[in-house]
Amino acid sequence: MDVLNLETCSKAFGSKEVLRDVCCSLHSGEVLAIFGRNGCGKSTLMNILFGTLAPDKIDMRINDKVLNLHDIRKRRLIGYLPQHSFLPGDLRVRDVVPFFLYDGGDQNKVFYAAGIPEISAKKINTLSIGQRRYLEFLLVGNIDHAFLLLDEPFSMIEPLYKDHIKAHIKVFVEQKGILVTDHYYEDVWQISTKNMVMEGGILSEVESKDELRKHGYLARKDP
């Protein structure tokens, strides 16, 4: 079992302290959901964990080994699905897959995934938002990382592709630890095994939607 321990992490942009001694842990087999309002620091945390943003302070360990940003990127320990699309629009689906997955068996996990055969000949820039997001999710998720970060995987996509992504998360989590955040909180709540909320730059564990309401993330009327 792989274990990621974030003992502490702080980050400020100018005078605004976005992350204040944030700490959390993630084990393989877990889906950790982080809820929070826009601009609260969720994406900042993911970029730091992935190694693309330098923190002001961090103590991060994987399997008890202290890591720096260079270690994370060099060893490809963590996969990351960012909010923004990253695939070149002029390539066809069937041509972009080998850029991410070198092994034929891993490529076939994408080529034969539900919904992919019928779009494999299409160019990326002709896909719907849901198709493109689903493809990006499959590409990142099938790379051999111990941990996977998913930033807004369900946002603005069709229900069919939400269902496909949820089904694959259940498969991926058998081998990985997964951290996910999305404003479509109900979709995230359905798949998570552990939940936290970010408020005022601090992460707190929550066990119910009532606790999310107490933290001000959900309105009283939300189900």
# chains A, B, ... in the order shown; residues from 1 in each chain; ligands from 1
call {"tool": "residues_around", "arguments": {"residues": "range 106-122 of chain A", "least_positions_apart": "5", "cutoff": "6 Å", "atoms": "only C-alpha atoms", "output": "PDB file with N, CA and C atoms, in the first residue's frame"}}
result
ATOM      1  N   ARG A  92      -5.946  13.610 -33.983  1.00  0.00           N
ATOM      2  CA  ARG A  92      -7.065  12.687 -33.830  1.00  0.00           C
ATOM      3  C   ARG A  92      -6.903  11.903 -32.524  1.00  0.00           C
ATOM      4  N   VAL A  93      -8.026  11.443 -32.008  1.00  0.00           N
ATOM      5  CA  VAL A  93      -8.014  10.707 -30.747  1.00  0.00           C
ATOM      6  C   VAL A  93      -7.052   9.528 -30.820  1.00  0.00           C
ATOM      7  N   ARG A  94      -7.120   8.757 -31.906  1.00  0.00           N
ATOM      8  CA  ARG A  94      -6.292   7.554 -32.025  1.00  0.00           C
ATOM      9  C   ARG A  94      -4.797   7.875 -32.085  1.00  0.00           C
ATOM     10  N   LEU A 101       0.544   6.961 -23.438  1.00  0.00           N
ATOM     11  CA  LEU A 101       0.651   5.569 -23.007  1.00  0.00           C
ATOM     12  C   LEU A 101       1.472   4.792 -24.027  1.00  0.00           C
TER      13      LEU A 101
END
call {"tool": "select_by_dssp", "arguments": {"residues": "chain A", "states": "strand (DSSP E or B)", "output": "PDB file with C-alpha atoms, in the first residue's frame"}}
result
ATOM      1  CA  VAL A   3       0.767   6.342   1.486  1.00  0.00           C
ATOM      2  CA  LEU A   4       1.079  10.065   0.830  1.00  0.00           C
ATOM      3  CA  ASN A   5       1.408  12.180   3.957  1.00  0.00           C
ATOM      4  CA  LEU A   6       1.278  15.943   3.713  1.00  0.00           C
ATOM      5  CA  GLU A   7       2.485  16.935   7.158  1.00  0.00           C
ATOM      6  CA  THR A   8       2.257  20.661   6.471  1.00  0.00           C
ATOM      7  CA  CYS A   9       1.918  22.994   3.495  1.00  0.00           C
ATOM      8  CA  SER A  10       1.636  26.775   3.365  1.00  0.00           C
ATOM      9  CA  LYS A  11       1.351  29.159   0.433  1.00  0.00           C
ATOM     10  CA  ALA A  12       0.698  32.883   0.137  1.00  0.00           C
ATOM     11  CA  PHE A  13       0.295  35.114  -2.893  1.00  0.00           C
ATOM     12  CA  LYS A  16      -3.085  36.668   0.846  1.00  0.00           C
ATOM     13  CA  GLU A  17      -2.413  33.442   2.712  1.00  0.00           C
ATOM     14  CA  VAL A  18      -4.113  30.739   0.622  1.00  0.00           C
ATOM     15  CA  LEU A  19      -2.889  27.618   2.442  1.00  0.00           C
ATOM     16  CA  CYS A  24      -3.827  15.508   4.955  1.00  0.00           C
ATOM     17  CA  SER A  25      -3.058  11.902   4.082  1.00  0.00           C
ATOM     18  CA  LEU A  26      -3.996   9.707   1.142  1.00  0.00           C
ATOM     19  CA  HIS A  27      -3.693   5.929   0.914  1.00  0.00           C
ATOM     20  CA  VAL A  31     -10.855   8.546  -2.808  1.00  0.00           C
ATOM     21  CA  LEU A  32     -10.278  11.745  -0.853  1.00  0.00           C
ATOM     22  CA  ALA A  33     -12.703  14.539  -1.729  1.00  0.00           C
ATOM     23  CA  ILE A  34     -11.819  18.141  -0.945  1.00  0.00           C
ATOM     24  CA  PHE A  35     -14.732  20.574  -0.993  1.00  0.00           C
ATOM     25  CA  LYS A  57       6.653  25.679   3.337  1.00  0.00           C
ATOM     26  CA  ILE A  58       6.085  21.951   2.899  1.00  0.00           C
ATOM     27  CA  ASP A  59       6.763  18.609   4.520  1.00  0.00           C
ATOM     28  CA  MET A  60       5.541  15.892   2.169  1.00  0.00           C
ATOM     29  CA  ARG A  61       6.280  12.182   2.336  1.00  0.00           C
ATOM     30  CA  ILE A  62       5.402   9.170   0.216  1.00  0.00           C
ATOM     31  CA  LYS A  65      10.339   9.212   2.205  1.00  0.00           C
ATOM     32  CA  VAL A  66      10.593  13.004   2.312  1.00  0.00           C
ATOM     33  CA  LEU A  67      10.104  14.452  -1.166  1.00  0.00           C
ATOM     34  CA  ILE A  78       1.604  11.627  -9.000  1.00  0.00           C
ATOM     35  CA  GLY A  79      -0.759  12.073 -11.952  1.00  0.00           C
ATOM     36  CA  TYR A  80      -2.788  15.250 -12.406  1.00  0.00           C
ATOM     37  CA  LEU A  81      -5.904  16.119 -14.387  1.00  0.00           C
ATOM     38  CA  ARG A  92      -7.065  12.687 -33.830  1.00  0.00           C
ATOM     39  CA  LYS A 123     -10.005  15.344 -34.135  1.00  0.00           C
ATOM     40  CA  PHE A 147      -1.608   8.790  -6.780  1.00  0.00           C
ATOM     41  CA  LEU A 148      -4.028  10.665  -9.020  1.00  0.00           C
ATOM     42  CA  LEU A 149      -5.257  14.252  -8.605  1.00  0.00           C
ATOM     43  CA  LEU A 150      -8.530  15.157 -10.333  1.00  0.00           C
ATOM     44  CA  ASP A 151      -9.392  18.858 -10.504  1.00  0.00           C
ATOM     45  CA  GLY A 177      -4.957   6.847  -4.065  1.00  0.00           C
ATOM     46  CA  ILE A 178      -7.195   9.486  -5.654  1.00  0.00           C
ATOM     47  CA  LEU A 179      -7.772  13.095  -4.611  1.00  0.00           C
ATOM     48  CA  VAL A 180     -10.730  14.799  -6.276  1.00  0.00           C
ATOM     49  CA  THR A 181     -12.353  18.203  -6.086  1.00  0.00           C
ATOM     50  CA  LYS A 194     -13.029  10.311   2.871  1.00  0.00           C
ATOM     51  CA  ASN A 195     -14.126  13.951   2.799  1.00  0.00           C
ATOM     52  CA  MET A 196     -12.492  17.233   3.763  1.00  0.00           C
ATOM     53  CA  VAL A 197     -13.453  20.875   3.367  1.00  0.00           C
ATOM     54  CA  MET A 198     -11.111  23.801   2.799  1.00  0.00           C
ATOM     55  CA  GLU A 199     -12.059  27.029   4.521  1.00  0.00           C
ATOM     56  CA  ILE A 202      -7.318  25.209   6.460  1.00  0.00           C
ATOM     57  CA  LEU A 203      -8.424  21.627   5.722  1.00  0.00           C
ATOM     58  CA  SER A 204     -10.911  19.958   8.056  1.00  0.00           C
ATOM     59  CA  GLU A 205     -12.295  16.441   7.835  1.00  0.00           C
ATOM     60  CA  VAL A 206     -16.083  16.119   7.499  1.00  0.00           C
TER      61      VAL A 206
END
call {"tool": "closest_residue", "arguments": {"among": "A:Cys40, A:Ile124, A:Leu77, A:Ile165", "to": "Asp95 in chain A", "atoms": "only C-alpha atoms"}}
result
A:Ile124
call {"tool": "residues_around", "arguments": {"residues": "Glu152 in chain A", "least_positions_apart": "2", "cutoff": "10 Å", "atoms": "only C-alpha atoms", "output": "list in words"}}
result
Ser43, Leu81, Pro82, Gln83, His84, Arg133, Leu149, Leu150, Phe154, Ser155, Met156, Val180, Thr181, Asp182, His183, Tyr184, Tyr185 and Val188 of chain A
